[in-house]
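Printed here is entry27.cif (mmCIF, C-alpha atoms and all ligand atoms):
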data_upload
loop_
_atom_site.label_atom_id
_atom_site.label_comp_id
_atom_site.auth_asym_id
_atom_site.auth_seq_id
_atom_site.Cartn_x
_atom_site.Cartn_y
_atom_site.Cartn_z
CA MET Q 1 77.68 -227.38 -3.29
CA PRO Q 2 76.30 -224.78 -0.97
CA VAL Q 3 78.91 -223.06 1.18
CA SER Q 4 76.20 -221.82 3.45
CA ASP Q 5 73.76 -224.22 5.03
CA SER Q 6 71.33 -221.43 5.85
CA ALA Q 7 69.13 -222.36 2.90
CA ASP Q 8 67.65 -225.80 3.29
CA PRO Q 9 65.97 -226.81 0.01
CA GLY Q 10 63.87 -229.24 2.02
CA ASP Q 11 62.32 -226.33 3.91
CA ALA Q 12 59.04 -225.47 2.19
CA SER Q 13 59.26 -221.90 3.47
CA VAL Q 14 62.50 -221.52 1.49
CA ALA Q 15 61.94 -223.61 -1.64
CA PRO Q 16 58.57 -224.72 -3.01
CA GLY Q 17 57.72 -228.08 -1.50
CA ASP Q 18 55.44 -229.53 -4.16
CA ARG Q 19 58.21 -230.81 -6.42
CA PRO Q 20 56.96 -233.74 -8.54
CA ASP Q 21 58.64 -237.05 -7.65
CA ASP Q 22 59.74 -237.62 -11.25
CA ALA Q 23 61.23 -234.13 -11.66
CA THR Q 24 64.92 -235.06 -11.71
CA ASP Q 25 66.29 -231.85 -13.17
CA ALA Q 26 63.39 -229.45 -12.75
CA LEU Q 27 63.00 -225.94 -11.43
CA PRO Q 28 60.01 -224.06 -10.03
CA ILE Q 29 59.61 -221.31 -12.61
CA ASN Q 30 57.71 -218.16 -11.72
CA GLU Q 31 58.18 -216.52 -15.12
CA LEU Q 32 60.33 -216.83 -18.23
CA PHE Q 33 60.41 -213.90 -20.63
CA TYR Q 34 62.48 -211.78 -23.00
CA SER Q 35 63.31 -208.20 -22.09
CA LEU Q 36 66.21 -205.82 -21.51
CA GLN Q 37 68.51 -206.32 -18.56
CA GLY Q 38 67.45 -203.43 -16.35
CA GLU Q 39 70.20 -203.36 -13.75
CA GLY Q 40 73.94 -203.51 -13.38
CA ARG Q 41 76.81 -203.28 -15.83
CA LEU Q 42 74.82 -205.10 -18.55
CA ALA Q 43 71.81 -202.77 -18.30
CA GLY Q 44 70.19 -202.45 -21.69
CA VAL Q 45 71.35 -205.84 -23.04
CA PRO Q 46 68.53 -207.94 -24.56
CA SER Q 47 68.22 -210.98 -22.32
CA VAL Q 48 66.01 -213.94 -21.56
CA PHE Q 49 65.00 -213.98 -17.90
CA VAL Q 50 64.45 -217.26 -16.08
CA ARG Q 51 62.89 -216.45 -12.73
CA THR Q 52 62.84 -219.27 -10.20
CA SER Q 53 60.51 -219.36 -7.23
CA GLY Q 54 61.61 -219.68 -3.62
CA CYS Q 55 63.97 -217.60 -1.48
CA ASN Q 56 65.82 -218.05 1.79
CA LEU Q 57 65.33 -214.37 2.71
CA ARG Q 58 62.34 -212.03 3.00
CA CYS Q 59 63.24 -208.43 2.13
CA TRP Q 60 60.32 -206.17 2.99
CA PHE Q 61 60.73 -204.38 -0.36
CA CYS Q 62 61.08 -207.53 -2.48
CA ASP Q 63 60.20 -206.69 -6.07
CA SER Q 64 59.41 -210.33 -6.85
CA TYR Q 65 56.87 -210.99 -4.10
CA HIS Q 66 55.55 -214.10 -5.84
CA THR Q 67 58.92 -215.82 -5.57
CA SER Q 68 59.47 -215.11 -1.88
CA TRP Q 69 56.58 -214.03 0.35
CA GLU Q 70 53.93 -215.86 -1.68
CA PRO Q 71 55.70 -218.15 -4.16
CA THR Q 72 53.89 -219.25 -7.32
CA HIS Q 73 55.38 -221.33 -10.08
CA ALA Q 74 55.16 -224.25 -12.47
CA TRP Q 75 57.76 -227.01 -12.35
CA LEU Q 76 59.65 -227.19 -15.64
CA ASP Q 77 62.33 -229.64 -16.72
CA VAL Q 78 65.70 -228.08 -17.51
CA ASP Q 79 65.38 -229.34 -21.11
CA ASP Q 80 62.06 -227.52 -21.50
CA ILE Q 81 63.50 -224.32 -19.99
CA VAL Q 82 66.42 -224.43 -22.42
CA ALA Q 83 64.05 -225.00 -25.36
CA GLU Q 84 62.01 -221.97 -24.29
CA VAL Q 85 65.18 -219.86 -23.98
CA GLU Q 86 66.27 -220.95 -27.47
CA SER Q 87 62.92 -219.85 -28.90
CA TYR Q 88 64.06 -216.24 -28.42
CA ASP Q 89 66.37 -216.15 -31.43
CA ALA Q 90 67.75 -212.66 -30.84
CA ALA Q 91 69.04 -213.27 -27.32
CA ASP Q 92 72.45 -214.59 -26.38
CA HIS Q 93 72.30 -213.43 -22.75
CA VAL Q 94 70.34 -215.27 -20.09
CA VAL Q 95 69.64 -213.95 -16.61
CA LEU Q 96 68.90 -216.57 -13.97
CA THR Q 97 67.08 -214.78 -11.19
CA GLY Q 98 64.48 -215.30 -8.52
CA GLY Q 99 63.74 -215.52 -5.71
CA GLU Q 100 67.11 -216.95 -4.92
CA PRO Q 101 68.05 -219.26 -7.81
CA MET Q 102 71.03 -220.79 -5.99
CA ILE Q 103 68.83 -222.60 -3.47
CA HIS Q 104 67.95 -225.06 -6.25
CA ASP Q 105 70.28 -227.94 -7.20
CA ALA Q 106 68.88 -227.93 -10.74
CA SER Q 107 70.10 -224.37 -11.33
CA VAL Q 108 73.54 -225.92 -11.87
CA ALA Q 109 72.22 -228.24 -14.59
CA LEU Q 110 70.47 -225.33 -16.26
CA LEU Q 111 73.61 -223.16 -16.21
CA GLU Q 112 75.66 -226.04 -17.63
CA ALA Q 113 73.16 -226.57 -20.44
CA LEU Q 114 73.15 -222.85 -21.26
CA ASP Q 115 76.95 -222.73 -21.16
CA ASP Q 116 77.13 -225.70 -23.55
CA ARG Q 117 75.02 -223.70 -26.01
CA GLY Q 118 77.21 -220.60 -25.78
CA TYR Q 119 74.94 -218.32 -23.79
CA HIS Q 120 76.34 -215.61 -21.54
CA THR Q 121 74.78 -216.16 -18.14
CA THR Q 122 74.19 -213.71 -15.32
CA VAL Q 123 73.03 -215.05 -11.98
CA GLU Q 124 71.21 -212.59 -9.75
CA THR Q 125 71.83 -213.79 -6.20
CA ASN Q 126 71.55 -212.51 -2.64
CA GLY Q 127 75.05 -213.84 -2.00
CA THR Q 128 74.29 -216.42 0.67
CA ILE Q 129 74.92 -219.59 -1.37
CA VAL Q 130 77.82 -220.66 -3.59
CA ARG Q 131 77.59 -223.41 -6.15
CA ASP Q 132 80.07 -224.81 -8.62
CA ALA Q 133 78.46 -223.78 -11.91
CA PRO Q 134 79.43 -222.00 -15.14
CA ILE Q 135 78.43 -218.40 -14.42
CA ASP Q 136 79.71 -215.53 -16.57
CA LEU Q 137 78.62 -212.76 -14.23
CA ALA Q 138 77.66 -213.23 -10.60
CA SER Q 139 75.44 -210.27 -9.79
CA VAL Q 140 75.65 -210.36 -6.02
CA SER Q 141 73.24 -208.27 -3.99
CA PRO Q 142 74.03 -208.48 -0.26
CA LYS Q 143 71.02 -207.48 1.77
CA LEU Q 144 71.45 -204.61 4.21
CA ALA Q 145 69.78 -204.15 7.59
CA SER Q 146 67.33 -201.81 5.89
CA SER Q 147 65.90 -204.84 4.02
CA THR Q 148 64.81 -206.67 7.18
CA PRO Q 149 61.04 -206.98 7.58
CA THR Q 150 59.38 -205.93 10.83
CA PRO Q 151 55.77 -206.08 12.01
CA ASP Q 152 55.45 -202.48 10.81
CA ARG Q 153 57.42 -202.98 7.59
CA ALA Q 154 56.25 -205.91 5.46
CA PRO Q 155 54.56 -206.19 2.07
CA ASP Q 156 50.80 -205.62 2.08
CA GLY Q 157 49.07 -208.64 3.55
CA ALA Q 158 52.32 -210.40 4.51
CA ASP Q 159 53.22 -211.40 8.05
CA ALA Q 160 56.85 -210.65 8.89
CA GLY Q 161 56.43 -213.09 11.79
CA PRO Q 162 59.46 -215.34 12.28
CA TRP Q 163 61.12 -213.97 9.14
CA ALA Q 164 62.28 -210.82 10.87
CA GLU Q 165 64.75 -212.78 12.98
CA ARG Q 166 65.60 -215.34 10.31
CA HIS Q 167 66.26 -212.74 7.61
CA GLU Q 168 68.44 -210.73 9.96
CA ARG Q 169 70.41 -213.89 10.88
CA ASP Q 170 70.99 -215.07 7.31
CA ARG Q 171 71.21 -211.98 5.13
CA ILE Q 172 75.02 -211.57 5.21
CA ASP Q 173 77.25 -214.63 4.86
CA LEU Q 174 80.86 -213.50 4.45
CA ASP Q 175 82.14 -216.97 3.52
CA ALA Q 176 79.57 -217.24 0.75
CA LEU Q 177 80.22 -213.68 -0.46
CA ALA Q 178 83.96 -214.33 -0.59
CA GLY Q 179 83.37 -217.64 -2.34
CA LEU Q 180 81.34 -215.93 -5.03
CA VAL Q 181 83.73 -213.06 -5.74
CA ASP Q 182 86.69 -215.44 -5.73
CA ALA Q 183 85.04 -217.86 -8.16
CA TYR Q 184 83.36 -215.60 -10.68
CA GLU Q 185 83.43 -212.31 -12.50
CA PHE Q 186 81.16 -210.29 -10.27
CA GLN Q 187 79.38 -207.08 -9.45
CA LEU Q 188 78.25 -206.14 -5.94
CA LYS Q 189 74.87 -204.49 -6.14
CA PHE Q 190 73.48 -202.83 -3.03
CA VAL Q 191 69.87 -201.69 -2.84
CA VAL Q 192 70.02 -198.26 -1.21
CA SER Q 193 67.20 -196.27 0.32
CA ASP Q 194 69.17 -193.36 1.75
CA ALA Q 195 72.46 -192.27 3.32
CA ASP Q 196 71.77 -194.38 6.42
CA ASP Q 197 72.71 -197.46 4.34
CA MET Q 198 76.22 -196.26 3.54
CA PRO Q 199 78.03 -197.11 6.82
CA GLU Q 200 76.86 -200.72 6.54
CA ILE Q 201 77.90 -200.92 2.88
CA ARG Q 202 81.37 -199.69 3.85
CA GLU Q 203 81.50 -202.20 6.72
CA VAL Q 204 80.44 -205.15 4.53
CA LEU Q 205 82.96 -204.09 1.89
CA ALA Q 206 85.80 -203.84 4.40
CA ASP Q 207 84.99 -207.29 5.80
CA LEU Q 208 84.70 -208.76 2.32
CA ARG Q 209 87.97 -207.22 1.18
CA ASP Q 210 89.63 -208.94 4.15
CA ALA Q 211 87.95 -212.26 3.42
CA ALA Q 212 88.29 -212.42 -0.36
CA ALA Q 213 91.35 -213.56 -2.28
CA VAL Q 214 90.68 -211.17 -5.17
CA PRO Q 215 90.68 -207.36 -5.13
CA ILE Q 216 87.31 -205.64 -4.93
CA ARG Q 217 87.48 -202.29 -6.67
CA ASP Q 218 85.08 -199.44 -5.96
CA ASP Q 219 84.16 -199.86 -9.62
CA ASP Q 220 82.77 -203.32 -8.79
CA VAL Q 221 80.32 -201.76 -6.32
CA LEU Q 222 76.97 -200.58 -7.63
CA LEU Q 223 74.39 -198.57 -5.74
CA MET Q 224 70.86 -199.23 -6.92
CA PRO Q 225 67.95 -197.10 -5.73
CA GLU Q 226 65.31 -198.96 -3.74
CA GLY Q 227 61.94 -198.86 -5.46
CA ALA Q 228 59.90 -201.22 -7.62
CA THR Q 229 57.64 -198.49 -9.04
CA ARG Q 230 58.33 -195.27 -10.92
CA GLU Q 231 56.76 -193.33 -8.06
CA ARG Q 232 59.07 -194.82 -5.44
CA LEU Q 233 62.15 -194.56 -7.71
CA ALA Q 234 61.42 -190.87 -8.19
CA GLU Q 235 61.90 -190.51 -4.43
CA THR Q 236 65.14 -192.49 -4.15
CA ARG Q 237 67.18 -192.31 -7.35
CA THR Q 238 68.54 -188.77 -7.14
CA ARG Q 239 69.79 -189.19 -3.60
CA VAL Q 240 71.32 -192.58 -4.47
CA ALA Q 241 73.03 -191.05 -7.51
CA ASP Q 242 74.44 -188.34 -5.23
CA LEU Q 243 75.66 -191.04 -2.80
CA ALA Q 244 77.39 -192.91 -5.65
CA MET Q 245 79.29 -189.76 -6.61
CA GLU Q 246 80.13 -188.93 -2.99
CA HIS Q 247 81.53 -192.40 -2.25
CA GLY Q 248 83.08 -193.18 -5.65
CA PHE Q 249 80.84 -196.18 -6.36
CA ARG Q 250 78.84 -196.85 -9.51
CA TYR Q 251 75.17 -196.01 -9.84
CA THR Q 252 72.90 -198.46 -11.56
CA PRO Q 253 69.49 -197.52 -12.89
CA ARG Q 254 66.44 -199.78 -12.80
CA LEU Q 255 65.84 -199.41 -16.51
CA HIS Q 256 62.89 -201.80 -16.61
CA VAL Q 257 61.05 -199.73 -13.98
CA ASP Q 258 61.75 -196.53 -15.93
CA LEU Q 259 60.45 -198.17 -19.11
CA TRP Q 260 57.60 -200.38 -17.92
CA ASN Q 261 56.98 -199.47 -14.26
CA ASP Q 262 56.10 -202.61 -12.27
CA ALA Q 263 54.51 -204.59 -15.11
CA PRO Q 264 55.10 -208.36 -14.90
CA GLU Q 265 57.56 -210.01 -17.30
CA THR Q 266 59.76 -206.92 -17.59
S1 LIG B 301 66.69 -211.80 -1.52
FE1 LIG B 301 65.79 -211.03 -3.44
S2 LIG B 301 64.12 -212.47 -3.93
FE2 LIG B 301 64.71 -212.84 -1.78
S3 LIG B 301 63.27 -211.59 -0.60
FE3 LIG B 301 65.13 -210.33 -0.94
S4 LIG B 301 64.72 -209.16 -2.81
FE4 LIG B 301 63.21 -210.84 -2.73
#
Kindly transcribe the structure held in the file into structure tokens.
Amino acid sequence: MPVSDSADPGDASVAPGDRPDDATDALPINELFYSLQGEGRLAGVPSVFVRTSGCNLRCWFCDSYHTSWEPTHAWLDVDDIVAEVESYDAADHVVLTGGEPMIHDASVALLEALDDRGYHTTVETNGTIVRDAPIDLASVSPKLASSTPTPDRAPDGADAGPWAERHERDRIDLDALAGLVDAYEFQLKFVVSDADDMPEIREVLADLRDAAAVPIRDDDVLLMPEGATRERLAETRTRVADLAMEHGFRYTPRLHVDLWNDAPET
């Protein structure tokens, strides 16, 4: 069950509200595809990606705009999602991502079905919701103050409007973060623009180390350069790599951006 009540699945601005009445175990799917894991400690591993639509936050730099700011999707039954995953014979890793996949009750049923079939599952989450589900790697990406949208800093055509305050209120939930790291194998993945992000990362880490029952090693902390295009990554990755070395954290590439830029289904 959710630890945090900040994400209300009944809120159409958080989760898509056009769920069919007969969709018992269904998820709003934005895309489902086979690629290489681009980020984190499993970067380079062939994986099937199941991207759900809907998010309880609104990062100004969101690289999956059509799951958050302007969600699009088709509702698919869990059984149909699993059948589609199984059609990719070569893959034994599945990445459940979004949006924020943990806002959906049916994500648990999907993870259970994948676990029953022996898949390794990674869940990419913003760390604000904990559910009791079989997850092999919780890839937790707490959102820093630099992610908060403002009237001057929002995706093209998007209105930051009430989301500026709401995102700022909800982006860090220490109880949920501690619940995730205590329950699962995890990595903490911070999207970093520049050195100004580092004091907050250190502050979140210190608070989380106090709150969590398990140790959090520097090796569990990954710095990922902000940027959803090759052009933007070229501006951020060297300075983020330097920050990783300076602070003793890991650096993670965005392999899919290096390989395929911002093409969909990568
Ligand atoms: S939490 Fe993730 S999916 Fe949601 S707005 Fe931020 S980057 Fe996008």
Sorted per-residue table, chain Q near ligand LIG 301 (chain B), closest atoms and distance, 7 Å, only C-alpha atoms and all ligand atoms, as CSV:
residue,atom,partner,partner_atom,distance
Q:Cys55,CA,B:LIG301,FE2,4.8
Q:Asn56,CA,B:LIG301,FE2,6.4
Q:Leu57,CA,B:LIG301,FE2,4.8
Q:Arg58,CA,B:LIG301,S3,3.7
Q:Cys59,CA,B:LIG301,FE3,4.1
Q:Phe61,CA,B:LIG301,S4,6.7
Q:Cys62,CA,B:LIG301,FE4,3.9
Q:Asp63,CA,B:LIG301,S4,6.1
Q:Ser64,CA,B:LIG301,FE4,5.6
Q:Tyr65,CA,B:LIG301,FE4,6.5
Q:Thr67,CA,B:LIG301,S2,6.4
Q:Ser68,CA,B:LIG301,S3,5.3
Q:Gly98,CA,B:LIG301,S2,5.4
Q:Gly99,CA,B:LIG301,S2,3.6
Q:Glu100,CA,B:LIG301,S2,5.5
Q:Asn126,CA,B:LIG301,S1,5.0
Q:Lys143,CA,B:LIG301,S1,6.9
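Counting all atoms listed in the file and comparing Q:Glu165, Q:Asp262, Q:Glu31, Q:Asp210, the residue that lies closest to Pro149 in chain Q is Q:Glu165.
Between CA of Ser147 in chain Q and CA of Leu174 in chain Q the interatomic distance comes to 17.3 Å.
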Could you pull the residues within 9 Å of Thr97 in chain Q, counting all atoms listed in the file, minus those fewer than 5 positions along the same chain, as number ranges by chain?
-> Q: 49-53, 102, 122-125
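CA of Ile29 in chain Q lies 27.7 Å from CA of Val192 in chain Q.
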Name all residues at most 9 Å from Leu76 in chain Q (count only C-alpha atoms; drop same-chain ones fewer than 5 positions away) and give them as a ChimeraX atom specification.
-> /Q:23,25-29,81
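Distances to Leu180 in chain Q were evaluated for Q:Val130, Q:Ala154, Q:Val204, Q:Leu144 using only C-alpha atoms, and the minimum falls at Q:Val130.
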Starting from the incomplete input, reconstruct N, CA, C and O atoms of range 113-135 of chain Q and write that as a PDB file, in the frame of the given file.
ATOM      1  N   ALA Q 113      73.787-226.407 -19.132  1.00  0.00           N
ATOM      2  CA  ALA Q 113      73.160-226.570 -20.440  1.00  0.00           C
ATOM      3  C   ALA Q 113      73.243-225.264 -21.247  1.00  0.00           C
ATOM      4  O   ALA Q 113      73.491-225.284 -22.459  1.00  0.00           O
ATOM      5  N   LEU Q 114      73.061-224.141 -20.568  1.00  0.00           N
ATOM      6  CA  LEU Q 114      73.150-222.850 -21.260  1.00  0.00           C
ATOM      7  C   LEU Q 114      74.587-222.568 -21.695  1.00  0.00           C
ATOM      8  O   LEU Q 114      74.839-222.057 -22.790  1.00  0.00           O
ATOM      9  N   ASP Q 115      75.532-222.916 -20.834  1.00  0.00           N
ATOM     10  CA  ASP Q 115      76.950-222.730 -21.160  1.00  0.00           C
ATOM     11  C   ASP Q 115      77.319-223.580 -22.381  1.00  0.00           C
ATOM     12  O   ASP Q 115      78.030-223.112 -23.286  1.00  0.00           O
ATOM     13  N   ASP Q 116      76.842-224.815 -22.408  1.00  0.00           N
ATOM     14  CA  ASP Q 116      77.130-225.700 -23.550  1.00  0.00           C
ATOM     15  C   ASP Q 116      76.659-225.080 -24.864  1.00  0.00           C
ATOM     16  O   ASP Q 116      77.230-225.330 -25.924  1.00  0.00           O
ATOM     17  N   ARG Q 117      75.590-224.290 -24.797  1.00  0.00           N
ATOM     18  CA  ARG Q 117      75.020-223.700 -26.010  1.00  0.00           C
ATOM     19  C   ARG Q 117      75.571-222.300 -26.282  1.00  0.00           C
ATOM     20  O   ARG Q 117      75.101-221.618 -27.187  1.00  0.00           O
ATOM     21  N   GLY Q 118      76.521-221.852 -25.493  1.00  0.00           N
ATOM     22  CA  GLY Q 118      77.210-220.600 -25.780  1.00  0.00           C
ATOM     23  C   GLY Q 118      76.557-219.352 -25.238  1.00  0.00           C
ATOM     24  O   GLY Q 118      76.955-218.241 -25.587  1.00  0.00           O
ATOM     25  N   TYR Q 119      75.575-219.506 -24.354  1.00  0.00           N
ATOM     26  CA  TYR Q 119      74.940-218.320 -23.790  1.00  0.00           C
ATOM     27  C   TYR Q 119      75.835-217.667 -22.740  1.00  0.00           C
ATOM     28  O   TYR Q 119      76.560-218.356 -22.009  1.00  0.00           O
ATOM     29  N   HIS Q 120      75.761-216.333 -22.670  1.00  0.00           N
ATOM     30  CA  HIS Q 120      76.340-215.610 -21.540  1.00  0.00           C
ATOM     31  C   HIS Q 120      75.302-215.639 -20.424  1.00  0.00           C
ATOM     32  O   HIS Q 120      74.140-215.288 -20.647  1.00  0.00           O
ATOM     33  N   THR Q 121      75.731-216.059 -19.240  1.00  0.00           N
ATOM     34  CA  THR Q 121      74.780-216.160 -18.140  1.00  0.00           C
ATOM     35  C   THR Q 121      75.133-215.182 -17.009  1.00  0.00           C
ATOM     36  O   THR Q 121      76.288-215.067 -16.605  1.00  0.00           O
ATOM     37  N   THR Q 122      74.102-214.487 -16.551  1.00  0.00           N
ATOM     38  CA  THR Q 122      74.190-213.710 -15.320  1.00  0.00           C
ATOM     39  C   THR Q 122      73.321-214.391 -14.288  1.00  0.00           C
ATOM     40  O   THR Q 122      72.193-214.787 -14.596  1.00  0.00           O
ATOM     41  N   VAL Q 123      73.842-214.537 -13.085  1.00  0.00           N
ATOM     42  CA  VAL Q 123      73.030-215.050 -11.980  1.00  0.00           C
ATOM     43  C   VAL Q 123      72.820-213.920 -10.981  1.00  0.00           C
ATOM     44  O   VAL Q 123      73.787-213.345 -10.472  1.00  0.00           O
ATOM     45  N   GLU Q 124      71.568-213.606 -10.753  1.00  0.00           N
ATOM     46  CA  GLU Q 124      71.210-212.590  -9.750  1.00  0.00           C
ATOM     47  C   GLU Q 124      71.005-213.324  -8.425  1.00  0.00           C
ATOM     48  O   GLU Q 124      70.100-214.143  -8.292  1.00  0.00           O
ATOM     49  N   THR Q 125      71.856-213.024  -7.454  1.00  0.00           N
ATOM     50  CA  THR Q 125      71.830-213.790  -6.200  1.00  0.00           C
ATOM     51  C   THR Q 125      71.964-212.859  -4.997  1.00  0.00           C
ATOM     52  O   THR Q 125      72.585-211.795  -5.094  1.00  0.00           O
ATOM     53  N   ASN Q 126      71.405-213.304  -3.868  1.00  0.00           N
ATOM     54  CA  ASN Q 126      71.550-212.510  -2.640  1.00  0.00           C
ATOM     55  C   ASN Q 126      72.880-212.784  -1.932  1.00  0.00           C
ATOM     56  O   ASN Q 126      73.149-212.219  -0.871  1.00  0.00           O
ATOM     57  N   GLY Q 127      73.685-213.672  -2.492  1.00  0.00           N
ATOM     58  CA  GLY Q 127      75.050-213.840  -2.000  1.00  0.00           C
ATOM     59  C   GLY Q 127      75.182-214.716  -0.773  1.00  0.00           C
ATOM     60  O   GLY Q 127      76.197-214.653  -0.070  1.00  0.00           O
ATOM     61  N   THR Q 128      74.211-215.572  -0.517  1.00  0.00           N
ATOM     62  CA  THR Q 128      74.290-216.420   0.670  1.00  0.00           C
ATOM     63  C   THR Q 128      74.615-217.872   0.329  1.00  0.00           C
ATOM     64  O   THR Q 128      74.783-218.689   1.247  1.00  0.00           O
ATOM     65  N   ILE Q 129      74.691-218.197  -0.964  1.00  0.00           N
ATOM     66  CA  ILE Q 129      74.920-219.590  -1.370  1.00  0.00           C
ATOM     67  C   ILE Q 129      75.902-219.602  -2.540  1.00  0.00           C
ATOM     68  O   ILE Q 129      75.760-218.814  -3.483  1.00  0.00           O
ATOM     69  N   VAL Q 130      76.878-220.503  -2.488  1.00  0.00           N
ATOM     70  CA  VAL Q 130      77.820-220.660  -3.590  1.00  0.00           C
ATOM     71  C   VAL Q 130      77.656-222.055  -4.173  1.00  0.00           C
ATOM     72  O   VAL Q 130      77.568-223.039  -3.426  1.00  0.00           O
ATOM     73  N   ARG Q 131      77.611-222.115  -5.473  1.00  0.00           N
ATOM     74  CA  ARG Q 131      77.590-223.410  -6.150  1.00  0.00           C
ATOM     75  C   ARG Q 131      78.657-223.432  -7.225  1.00  0.00           C
ATOM     76  O   ARG Q 131      79.043-222.389  -7.738  1.00  0.00           O
ATOM     77  N   ASP Q 132      79.080-224.633  -7.566  1.00  0.00           N
ATOM     78  CA  ASP Q 132      80.070-224.810  -8.620  1.00  0.00           C
ATOM     79  C   ASP Q 132      79.317-224.922  -9.944  1.00  0.00           C
ATOM     80  O   ASP Q 132      78.786-225.978 -10.273  1.00  0.00           O
ATOM     81  N   ALA Q 133      79.247-223.814 -10.676  1.00  0.00           N
ATOM     82  CA  ALA Q 133      78.460-223.780 -11.910  1.00  0.00           C
ATOM     83  C   ALA Q 133      79.113-222.797 -12.879  1.00  0.00           C
ATOM     84  O   ALA Q 133      79.806-221.874 -12.448  1.00  0.00           O
ATOM     85  N   PRO Q 134      78.899-222.979 -14.188  1.00  0.00           N
ATOM     86  CA  PRO Q 134      79.430-222.000 -15.140  1.00  0.00           C
ATOM     87  C   PRO Q 134      78.594-220.732 -15.135  1.00  0.00           C
ATOM     88  O   PRO Q 134      77.465-220.728 -15.630  1.00  0.00           O
ATOM     89  N   ILE Q 135      79.129-219.689 -14.540  1.00  0.00           N
ATOM     90  CA  ILE Q 135      78.430-218.400 -14.420  1.00  0.00           C
ATOM     91  C   ILE Q 135      79.357-217.330 -15.001  1.00  0.00           C
ATOM     92  O   ILE Q 135      80.517-217.224 -14.591  1.00  0.00           O
TER      93      ILE Q 135
END
